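Structure data (mmCIF, C-alpha atoms) from upload07.cif:
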```
data_start
#
loop_
_atom_site.label_atom_id
_atom_site.label_comp_id
_atom_site.auth_asym_id
_atom_site.auth_seq_id
_atom_site.Cartn_x
_atom_site.Cartn_y
_atom_site.Cartn_z
CA MET A 123 -21.68 -30.66 42.67
CA LYS A 124 -18.72 -32.82 41.84
CA ASN A 125 -16.58 -31.35 44.66
CA LEU A 126 -19.38 -31.75 47.22
CA LYS A 127 -19.63 -35.47 46.45
CA ILE A 128 -15.88 -35.94 46.90
CA LEU A 129 -15.87 -34.06 50.23
CA PHE A 130 -18.79 -36.14 51.50
CA ILE A 131 -17.02 -39.43 50.69
CA LEU A 132 -13.80 -38.22 52.34
CA ALA A 133 -15.74 -37.30 55.48
CA LEU A 134 -17.16 -40.80 55.68
CA ILE A 135 -13.72 -42.40 55.26
CA ILE A 136 -12.14 -40.16 57.88
CA SER A 137 -14.97 -40.70 60.38
CA SER A 138 -14.64 -44.46 59.96
CA CYS A 139 -11.17 -44.31 61.40
CA GLY A 140 -12.80 -43.47 64.77
CA ASN A 141 -11.67 -41.36 67.68
CA LYS A 142 -9.08 -43.97 68.47
CA ASP A 143 -6.79 -42.79 65.67
CA GLU A 144 -7.09 -39.21 66.88
CA LYS A 145 -6.13 -40.13 70.41
CA SER A 146 -3.33 -42.32 69.18
CA PHE A 147 -1.98 -39.44 67.03
CA ASP A 148 -2.15 -37.00 69.97
CA ALA A 149 -0.41 -39.46 72.25
CA VAL A 150 2.47 -40.06 69.80
CA LEU A 151 2.81 -36.31 69.18
CA ALA A 152 2.94 -35.65 72.94
CA SER A 153 5.43 -38.45 73.65
CA GLY A 154 8.25 -36.76 71.77
CA ASN A 155 9.68 -40.14 70.79
CA LEU A 156 11.49 -39.74 67.40
CA SER A 157 10.99 -43.31 66.21
CA ASP A 158 7.27 -43.22 67.12
CA LEU A 159 6.87 -39.91 65.30
CA LYS A 160 8.52 -41.24 62.11
CA GLU A 161 6.48 -44.39 62.24
CA LYS A 162 3.25 -42.37 62.62
CA ARG A 163 4.23 -40.12 59.71
CA ASN A 164 4.84 -43.12 57.45
CA GLU A 165 1.50 -44.53 58.47
CA ILE A 166 -0.32 -41.30 57.55
CA ASP A 167 1.57 -41.06 54.22
CA SER A 168 0.38 -44.53 53.32
CA LYS A 169 -3.20 -43.63 54.15
CA GLN A 170 -2.93 -40.42 52.10
CA GLN A 171 -1.70 -42.31 49.03
CA ALA A 172 -4.54 -44.74 49.39
CA LEU A 173 -7.02 -41.87 49.65
CA ASN A 174 -5.57 -40.21 46.50
CA GLU A 175 -5.99 -43.44 44.57
CA LYS A 176 -9.59 -43.69 45.74
CA ILE A 177 -10.26 -40.04 44.77
CA LYS A 178 -8.83 -40.71 41.31
CA LEU A 179 -11.10 -43.71 40.86
CA LEU A 180 -14.07 -41.68 42.08
CA ASN A 181 -13.28 -38.87 39.59
CA GLU A 182 -13.07 -41.29 36.70
CA LYS A 183 -16.39 -42.85 37.65
CA ILE A 184 -18.03 -39.45 38.10
CA SER A 185 -16.73 -38.23 34.71
CA LYS A 186 -18.45 -41.16 33.05
CA LEU A 187 -21.75 -40.72 34.86
CA ASP A 188 -21.94 -36.92 35.18
CA THR A 189 -23.70 -35.45 32.11
CA VAL A 190 -23.34 -31.79 33.20
CA ARG A 191 -19.54 -31.43 33.28
CA LYS A 192 -18.02 -27.95 32.86
CA VAL A 193 -16.37 -28.40 29.45
CA PRO A 194 -15.13 -25.17 27.81
CA LEU A 195 -17.31 -24.14 24.87
CA ILE A 196 -15.40 -22.89 21.82
CA THR A 197 -15.88 -22.01 18.15
CA THR A 198 -13.59 -23.15 15.37
CA PHE A 199 -12.83 -22.60 11.69
CA THR A 200 -11.07 -24.75 9.13
CA ALA A 201 -7.77 -23.58 7.66
CA LYS A 202 -7.91 -23.56 3.86
CA GLN A 203 -5.36 -22.53 1.28
CA GLU A 204 -6.27 -19.33 -0.56
CA VAL A 205 -4.69 -16.55 -2.60
CA PHE A 206 -3.12 -13.90 -0.36
CA ASN A 207 -2.35 -10.51 -1.90
CA HIS A 208 -0.40 -8.35 0.51
CA GLN A 209 -0.71 -4.62 -0.12
CA LEU A 210 1.61 -1.76 0.77
CA GLU A 211 -0.48 1.23 1.88
CA ILE A 212 0.91 4.74 1.23
CA GLN A 213 -0.32 8.22 0.36
CA GLY A 214 0.34 10.34 -2.70
CA ASN A 215 -0.78 13.41 -4.64
CA VAL A 216 -2.20 13.55 -8.14
CA THR A 217 -0.17 15.47 -10.70
CA THR A 218 0.28 15.76 -14.45
CA LYS A 219 3.14 16.62 -16.78
CA ASP A 220 0.64 18.62 -18.87
CA LEU A 221 0.26 21.48 -16.38
CA LEU A 222 2.05 24.68 -17.35
CA VAL A 223 2.05 28.38 -16.63
CA ILE A 224 2.75 30.04 -19.96
CA THR A 225 5.25 32.94 -20.05
CA PRO A 226 6.11 35.14 -23.09
CA GLU A 227 9.27 34.85 -25.16
CA TYR A 228 9.21 38.51 -26.17
CA ASN A 229 9.14 41.85 -24.35
CA GLY A 230 6.27 44.15 -25.23
CA ILE A 231 2.62 45.05 -24.78
CA LEU A 232 0.08 42.23 -24.67
CA THR A 233 -2.21 43.51 -27.43
CA LYS A 234 -4.68 40.63 -27.66
CA VAL A 235 -5.83 37.61 -25.62
CA TYR A 236 -7.83 35.16 -27.75
CA VAL A 237 -8.96 32.68 -25.06
CA THR A 238 -10.97 32.67 -21.83
CA GLU A 239 -10.83 30.58 -18.67
CA GLY A 240 -12.26 27.09 -19.15
CA GLN A 241 -11.82 27.16 -22.92
CA LYS A 242 -10.48 24.02 -24.56
CA VAL A 243 -7.57 24.55 -26.96
CA LYS A 244 -5.49 22.44 -29.33
CA LYS A 245 -1.74 22.19 -29.57
CA GLY A 246 -0.33 25.11 -31.59
CA GLN A 247 -3.50 27.22 -31.29
CA LEU A 248 -2.93 30.99 -31.01
CA LEU A 249 -3.65 32.13 -27.44
CA ALA A 250 -2.38 35.72 -27.32
CA LYS A 251 -0.46 38.35 -29.29
CA ILE A 252 2.32 40.73 -28.22
CA ASP A 253 3.11 43.99 -30.04
CA ASP A 254 6.20 43.34 -32.18
CA GLY A 255 7.56 46.91 -31.89
CA GLY A 256 8.04 47.44 -35.64
CA LEU A 257 9.47 44.03 -36.48
CA SER A 258 6.84 43.52 -39.17
CA GLN A 259 8.13 46.56 -41.11
CA GLN A 260 11.71 45.39 -40.72
CA PHE A 261 10.67 41.98 -41.97
CA ALA A 262 9.01 43.47 -45.08
CA GLN A 263 12.11 45.50 -45.93
CA ALA A 264 14.38 42.55 -45.32
CA GLU A 265 12.28 40.40 -47.66
CA ILE A 266 12.57 43.03 -50.44
CA GLN A 267 16.33 43.13 -50.08
CA ALA A 268 16.49 39.34 -49.94
CA ASN A 269 14.46 39.05 -53.15
CA LEU A 270 16.80 41.50 -54.90
CA ALA A 271 19.84 39.62 -53.68
CA LYS A 272 18.30 36.37 -54.88
CA THR A 273 17.65 37.76 -58.39
CA THR A 274 21.19 39.15 -58.60
CA PHE A 275 22.64 35.81 -57.49
CA GLU A 276 20.58 33.79 -59.99
CA ARG A 277 21.67 36.01 -62.87
CA GLN A 278 25.30 35.93 -61.83
CA LYS A 279 25.09 32.15 -61.54
CA ARG A 280 23.78 31.80 -65.10
CA LEU A 281 26.67 33.94 -66.38
CA TRP A 282 29.14 31.95 -64.37
CA ASP A 283 27.73 28.71 -65.74
CA GLU A 284 28.38 30.12 -69.26
CA ASN A 285 31.94 31.11 -68.24
CA ILE A 286 31.01 34.79 -68.37
CA GLY A 287 32.21 37.10 -65.64
CA SER A 288 34.69 36.60 -62.81
CA GLU A 289 34.50 34.11 -59.95
CA ILE A 290 34.70 36.88 -57.40
CA GLN A 291 31.49 38.47 -58.77
CA PHE A 292 29.69 35.11 -58.48
CA LEU A 293 30.86 34.55 -54.89
CA GLN A 294 29.93 38.08 -53.85
CA ALA A 295 26.40 37.65 -55.24
CA LYS A 296 26.03 34.29 -53.49
CA SER A 297 27.25 35.68 -50.16
CA ALA A 298 24.94 38.69 -50.37
CA TYR A 299 21.93 36.48 -51.07
CA GLU A 300 22.69 34.05 -48.23
CA SER A 301 23.23 36.94 -45.80
CA GLN A 302 19.91 38.54 -46.68
CA ALA A 303 18.08 35.19 -46.45
CA GLU A 304 19.52 34.58 -42.96
CA SER A 305 18.49 38.08 -41.88
CA VAL A 306 14.93 37.37 -43.01
CA ASN A 307 14.87 34.11 -41.05
CA GLN A 308 16.09 35.80 -37.89
CA ILE A 309 13.42 38.50 -38.07
CA ARG A 310 10.77 35.84 -38.82
CA GLN A 311 11.81 33.92 -35.68
CA GLN A 312 11.62 37.11 -33.62
CA ILE A 313 8.13 37.83 -34.94
CA SER A 314 6.99 34.27 -34.16
CA LYS A 315 7.86 34.89 -30.51
CA THR A 316 5.23 37.61 -30.37
CA SER A 317 2.54 34.96 -30.91
CA VAL A 318 1.71 32.89 -27.80
CA THR A 319 0.55 29.39 -28.79
CA ALA A 320 -0.65 26.32 -26.87
CA PRO A 321 2.26 23.91 -26.12
CA PHE A 322 -0.23 21.01 -25.92
CA SER A 323 -3.95 20.36 -26.15
CA GLY A 324 -5.84 21.07 -22.96
CA THR A 325 -7.96 23.59 -21.05
CA ILE A 326 -7.14 27.19 -20.13
CA ASP A 327 -7.39 27.00 -16.36
CA ASP A 328 -6.57 30.63 -15.59
CA VAL A 329 -5.84 33.85 -17.53
CA MET A 330 -3.45 35.85 -15.37
CA THR A 331 -2.58 38.89 -17.50
CA GLU A 332 -5.00 41.29 -19.17
CA GLN A 333 -4.71 42.97 -22.56
CA GLY A 334 -2.65 46.16 -22.60
CA THR A 335 -0.20 44.92 -19.95
CA VAL A 336 3.54 45.21 -20.57
CA VAL A 337 5.02 41.72 -20.32
CA MET A 338 8.60 40.52 -19.87
CA ALA A 339 10.09 37.49 -21.58
CA GLY A 340 10.33 34.47 -19.24
CA GLN A 341 8.91 36.42 -16.27
CA SER A 342 5.32 37.55 -16.78
CA GLN A 343 2.71 34.82 -16.20
CA LEU A 344 0.16 34.99 -18.99
CA MET A 345 -2.09 31.97 -18.39
CA ARG A 346 -2.20 28.42 -17.04
CA ILE A 347 -3.05 25.46 -19.26
CA VAL A 348 -3.79 21.93 -18.07
CA ASN A 349 -4.61 18.59 -19.65
CA LEU A 350 -6.46 16.15 -17.37
CA ASP A 351 -5.98 13.14 -19.65
CA ASN A 352 -2.41 12.26 -18.68
CA MET A 353 -2.80 12.15 -14.88
CA TYR A 354 -0.61 10.18 -12.50
CA ILE A 355 0.37 9.89 -8.85
CA GLU A 356 3.96 10.27 -7.74
CA THR A 357 4.89 8.96 -4.31
CA ASP A 358 7.89 7.85 -2.26
CA VAL A 359 8.22 4.16 -1.35
CA PRO A 360 10.63 2.83 1.36
CA GLU A 361 13.73 1.20 -0.11
CA ARG A 362 12.95 -2.23 1.41
CA TYR A 363 10.19 -2.62 -1.20
CA ILE A 364 12.39 -1.90 -4.23
CA ALA A 365 12.49 -5.58 -5.29
CA ASN A 366 8.69 -6.01 -5.07
CA VAL A 367 7.22 -2.67 -6.14
CA ILE A 368 8.06 -2.70 -9.84
CA ARG A 369 6.51 -1.60 -13.12
CA GLY A 370 3.21 -3.34 -13.86
CA LYS A 371 2.29 -4.10 -10.22
CA LYS A 372 -1.45 -3.77 -9.50
CA VAL A 373 -2.55 -0.73 -7.51
CA THR A 374 -5.85 0.22 -5.88
CA VAL A 375 -6.24 4.01 -5.59
CA ASP A 376 -8.81 5.54 -3.24
CA PHE A 377 -9.83 9.21 -3.39
CA PRO A 378 -11.51 9.99 -0.04
CA VAL A 379 -12.75 13.42 -1.15
CA LEU A 380 -14.45 12.01 -4.25
CA GLY A 381 -15.57 8.74 -2.65
CA LYS A 382 -14.05 7.02 -5.65
CA THR A 383 -11.79 3.97 -6.05
CA ILE A 384 -10.00 2.88 -9.22
CA GLU A 385 -7.82 -0.05 -10.24
CA THR A 386 -4.58 0.77 -12.06
CA GLU A 387 -0.88 -0.20 -12.06
CA VAL A 388 2.64 1.11 -11.50
CA ARG A 389 3.84 2.71 -14.74
CA GLN A 390 7.32 3.62 -13.53
CA ALA A 391 9.50 2.71 -10.54
CA GLY A 392 12.69 4.63 -9.81
CA ASP A 393 16.09 2.96 -9.75
CA VAL A 394 17.74 5.54 -7.49
CA ILE A 395 17.46 5.60 -3.68
CA ASN A 396 17.12 9.05 -2.12
CA PRO A 397 19.88 9.12 0.56
CA ALA A 398 17.98 11.71 2.61
CA ASN A 399 14.95 9.53 3.38
CA ARG A 400 15.91 6.11 1.91
CA THR A 401 13.01 6.02 -0.54
CA PHE A 402 12.54 5.70 -4.30
CA LYS A 403 10.02 7.35 -6.64
CA VAL A 404 7.02 5.51 -8.04
CA GLU A 405 4.55 6.76 -10.65
CA VAL A 406 1.03 5.31 -10.87
CA SER A 407 -1.06 6.10 -13.94
CA ILE A 408 -4.56 7.49 -13.31
CA PRO A 409 -7.31 7.03 -15.93
CA ASN A 410 -9.50 10.13 -15.90
CA LYS A 411 -12.19 9.86 -18.56
CA GLU A 412 -14.74 11.76 -16.48
CA LYS A 413 -12.21 14.54 -15.70
CA SER A 414 -13.24 14.41 -12.02
CA ILE A 415 -9.68 13.85 -10.75
CA LYS A 416 -7.73 17.10 -10.40
CA PRO A 417 -4.04 17.92 -9.87
CA ASN A 418 -2.84 17.96 -6.22
CA LEU A 419 -5.76 15.75 -5.11
CA THR A 420 -4.80 13.51 -2.17
CA ALA A 421 -5.05 9.75 -2.70
CA ARG A 422 -4.47 6.53 -0.74
CA LEU A 423 -2.63 3.80 -2.62
CA LYS A 424 -2.59 0.05 -2.00
CA ILE A 425 0.22 -1.52 -4.02
CA ASN A 426 0.37 -5.30 -4.36
CA ASP A 427 3.95 -6.08 -3.25
CA TYR A 428 3.56 -9.79 -2.39
CA THR A 429 1.35 -12.70 -3.48
CA ASN A 430 1.04 -16.24 -2.07
CA GLU A 431 -1.20 -18.49 -4.16
CA LYS A 432 -1.54 -21.10 -1.38
CA ALA A 433 -1.61 -19.12 1.84
CA LEU A 434 -3.07 -20.20 5.18
CA LEU A 435 -4.60 -17.17 6.89
CA ILE A 436 -5.76 -16.84 10.49
CA PRO A 437 -6.99 -13.94 12.67
CA GLN A 438 -4.19 -12.24 14.59
CA SER A 439 -6.38 -12.18 17.70
CA ILE A 440 -6.08 -15.94 18.31
CA ILE A 441 -2.26 -15.99 18.43
CA SER A 442 -0.50 -16.22 21.80
CA GLU A 443 3.18 -16.16 22.69
CA ASN A 444 5.14 -18.28 25.19
CA ALA A 445 8.09 -17.37 27.41
CA GLU A 446 10.56 -18.22 24.62
CA GLY A 447 8.87 -15.76 22.24
CA GLU A 448 7.31 -18.52 20.13
CA GLN A 449 3.86 -17.94 18.67
CA TYR A 450 1.20 -20.61 19.08
CA ILE A 451 -2.45 -21.37 18.46
CA TYR A 452 -4.79 -24.22 19.44
CA VAL A 453 -6.25 -26.82 17.11
CA ILE A 454 -8.81 -29.55 17.75
CA THR A 455 -7.71 -33.20 17.75
CA ASN A 456 -9.54 -36.47 18.52
CA LYS A 457 -12.89 -34.88 17.80
CA LYS A 458 -15.86 -37.11 18.65
CA SER A 459 -19.38 -37.34 17.32
CA ASN A 460 -20.66 -35.17 20.20
CA ASN A 461 -18.34 -32.35 19.00
CA GLU A 462 -16.00 -32.81 21.94
CA GLY A 463 -12.29 -32.95 21.30
CA GLU A 464 -8.88 -32.18 22.70
CA ALA A 465 -7.22 -28.77 22.46
CA LYS A 466 -3.68 -29.09 21.12
CA ARG A 467 -1.12 -26.31 21.25
CA VAL A 468 0.69 -25.78 17.92
CA ILE A 469 3.81 -23.63 17.49
CA ILE A 470 3.61 -21.58 14.28
CA LYS A 471 5.75 -19.22 12.23
CA THR A 472 3.96 -16.24 10.71
CA GLY A 473 4.59 -14.01 7.70
CA LYS A 474 2.91 -10.86 6.41
CA THR A 475 -0.25 -9.30 7.81
CA GLN A 476 -3.14 -7.61 6.02
CA GLY A 477 -5.84 -5.97 8.08
CA ASP A 478 -6.73 -8.36 10.94
CA VAL A 479 -5.40 -11.56 9.32
CA ILE A 480 -1.89 -12.96 9.21
CA GLU A 481 -0.17 -15.50 6.99
CA VAL A 482 1.02 -18.76 8.60
CA LEU A 483 4.26 -20.03 7.02
CA GLU A 484 5.04 -23.05 9.23
CA GLY A 485 3.37 -25.27 11.82
CA LEU A 486 -0.16 -25.39 10.41
CA GLU A 487 -1.61 -27.91 7.98
CA ASP A 488 -4.26 -27.32 5.37
CA GLY A 489 -7.64 -28.48 6.71
CA ALA A 490 -6.74 -28.13 10.40
CA GLU A 491 -9.63 -27.15 12.70
CA ILE A 492 -8.49 -24.08 14.62
CA ILE A 493 -9.98 -22.71 17.84
CA GLU A 494 -11.16 -19.12 17.42
CA GLU A 495 -13.56 -18.01 20.18
CA GLY A 496 -12.09 -19.20 23.48
CA ALA A 497 -8.57 -19.66 22.09
CA ARG A 498 -6.99 -17.70 24.94
CA SER A 499 -8.83 -19.51 27.74
CA VAL A 500 -8.13 -23.19 26.91
CA LYS A 501 -5.10 -25.26 27.89
CA ASP A 502 -3.02 -27.81 26.04
CA GLY A 503 -4.67 -31.25 26.29
CA GLN A 504 -7.92 -29.88 27.71
CA THR A 505 -11.26 -31.35 26.62
CA VAL A 506 -13.38 -28.76 24.82
CA LYS A 507 -16.70 -28.72 23.01
CA VAL A 508 -17.23 -27.11 19.61
CA ILE A 509 -20.50 -25.17 19.47
CA SER A 510 -19.90 -23.54 16.09
CA MET A 511 -17.58 -24.25 13.19
CA GLN A 512 -16.93 -22.11 10.14
CA THR A 513 -15.32 -23.25 6.92
CA GLU A 514 -13.02 -20.23 6.68
CA THR A 515 -11.71 -17.31 8.75
CA THR A 516 -14.10 -14.56 9.71
CA SER A 517 -11.68 -11.96 8.34
CA THR A 518 -11.59 -11.11 4.66
CA ASN A 519 -8.48 -10.91 2.54
CA GLU A 520 -8.55 -7.60 0.72
#
```
Go through the file and emit its structure as structure tokens.
Amino acid sequence: MKNLKILFILALIISSCGNKDEKSFDAVLASGNLSDLKEKRNEIDSKQQALNEKIKLLNEKISKLDTVRKVPLITTFTAKQEVFNHQLEIQGNVTTKDLLVITPEYNGILTKVYVTEGQKVKKGQLLAKIDDGGLSQQFAQAEIQANLAKTTFERQKRLWDENIGSEIQFLQAKSAYESQAESVNQIRQQISKTSVTAPFSGTIDDVMTEQGTVVMAGQSQLMRIVNLDNMYIETDVPERYIANVIRGKKVTVDFPVLGKTIETEVRQAGDVINPANRTFKVEVSIPNKEKSIKPNLTARLKINDYTNEKALLIPQSIISENAEGEQYIYVITNKKSNNEGEAKRVIIKTGKTQGDVIEVLEGLEDGAEIIEEGARSVKDGQTVKVISMQTETTSTNE
């Protein structure tokens, strides 16, 4: 509508010049006279400048009177300082130090298994028994000899204390007693190895060897015991996070298979970088009161490695980049009562991202009204109209 009005006015101005100007122009063009041609060109240039000035005045008048201008419609939100917790997202597997396959310390026949799968046991509880191969008889004989040697030594000592007898008799009795006592202790230790006991309190997860089987010390797998109380996740973290991922940092752990999420913290962070993959070890404690979390379960970890108490966050989708590689957004200035204002380009410097939001470090002030919908279609200095304004970004800070 606006363009049609301008074209109509131009047509009237041009027609008012009459056919005389057209004939005059054709005559000068046909004459080939250089001075006449230059003079005619200067004359037309002057008329063109005058027409441009008139068009400008017409546009200004139309803009004041036209109530249906095509002003870009945009939405905005207000930048506000908030706490920004950046989280490092990695994967890990659940494990426990209280998971052990028990092997015997003595060669022989497994004569008795006292536990079943799923049974809860306490530390030191007897789990199985191995035939001692006659050690019990040897132990009984050794004890008899040790008791005799002890009696002989005690009597010889009393005589020696009364200065009766020779020193050599006293020393021989003492040596014989100590030798027999040591022999008894050695046999006792051998016999104790025939009893398989629980190294810690937990649950018998699997019984692998049946009664009557010949077992070998350190080789045969008797049973597996596990304690689900002391669970943790061990994972590798890239070395660039070694200054931020430290003991005590908050961690959110998600178990996709269980549909369960827990809040915990880093209980140990390694001090050594693995040269093969440039990572360091991190342990995250896992509370497991319900015993639903099992060893080797896959988990997703979100470790808080950075916090800004007064962060300005904006959606990444509204950021553009110029030819120099600078990032910029548009804010609203000179906003009027009719919600119309001017779009102003602002160069910004960004920091860390989390999900679909990004932290603005420089170039943006707290309370600025930022263009969201329509941010990529407006131009610097263009008049725009705000049709919706939110008080904060549409993206959430997890």
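Across A:Asp358, A:Asp328, A:Asp376, A:Glu385, the tightest approach to Glu405 in chain A is made by A:Asp358 when counting only C-alpha atoms.
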Min atom-atom distance to Thr374 in chain A from the set A:Ala490, A:Ile436, A:Ile212, A:Ala149, counting only C-alpha atoms, belongs to A:Ile212
Give me, as a short mmCIF file (atom, residue, chain, number, x, y, z; two decimals) with C-alpha atoms, keeping the file's coordinate frame, all polymer residues having an atom no more than 6 Å from range 440-442 of chain A, counting all atoms listed in the file and skipping those fewer than 5 positions away in the same chain.
```
data_model
loop_
_atom_site.label_atom_id
_atom_site.label_comp_id
_atom_site.auth_asym_id
_atom_site.auth_seq_id
_atom_site.Cartn_x
_atom_site.Cartn_y
_atom_site.Cartn_z
CA GLN A 449 3.86 -17.94 18.67
CA TYR A 450 1.20 -20.61 19.08
CA ILE A 451 -2.45 -21.37 18.46
CA ALA A 497 -8.57 -19.66 22.09
#
```
(Q) Evaluated on this file, the PyMOL selection byres ((chain A and resi 398-400) around 12) picks out some residues - which ones are they, written as a count of residues only? (A) 14
Quiz item: Do you know which residues the PyMOL selection byres ((chain A and resi 240-248) around 10) returns on this file, as a list in words?
Solution: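 On this input, the PyMOL selection byres ((chain A and resi 240-248) around 10) captures Val235, Tyr236, Val237, Thr238, Glu239, Leu249, Ala250, Lys251, Ser317, Val318, Thr319, Ala320, Pro321, Phe322, Ser323, Gly324, Thr325, Ile326, Asp327, Asp328, Val329, Ile347, Val348 and Asn349 of chain A.
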Can you write just those residues out, C-alpha atoms, as a compact mmCIF listing (two decimals), keeping the file's coordinate frame?
```txt
# COMPACT_ATOMS: atom_id res chain seq x y z
CA VAL A 235 -5.83 37.61 -25.62
CA TYR A 236 -7.83 35.16 -27.75
CA VAL A 237 -8.96 32.68 -25.06
CA THR A 238 -10.97 32.67 -21.83
CA GLU A 239 -10.83 30.58 -18.67
CA LEU A 249 -3.65 32.13 -27.44
CA ALA A 250 -2.38 35.72 -27.32
CA LYS A 251 -0.46 38.35 -29.29
CA SER A 317 2.54 34.96 -30.91
CA VAL A 318 1.71 32.89 -27.80
CA THR A 319 0.55 29.39 -28.79
CA ALA A 320 -0.65 26.32 -26.87
CA PRO A 321 2.26 23.91 -26.12
CA PHE A 322 -0.23 21.01 -25.92
CA SER A 323 -3.95 20.36 -26.15
CA GLY A 324 -5.84 21.07 -22.96
CA THR A 325 -7.96 23.59 -21.05
CA ILE A 326 -7.14 27.19 -20.13
CA ASP A 327 -7.39 27.00 -16.36
CA ASP A 328 -6.57 30.63 -15.59
CA VAL A 329 -5.84 33.85 -17.53
CA ILE A 347 -3.05 25.46 -19.26
CA VAL A 348 -3.79 21.93 -18.07
CA ASN A 349 -4.61 18.59 -19.65
```
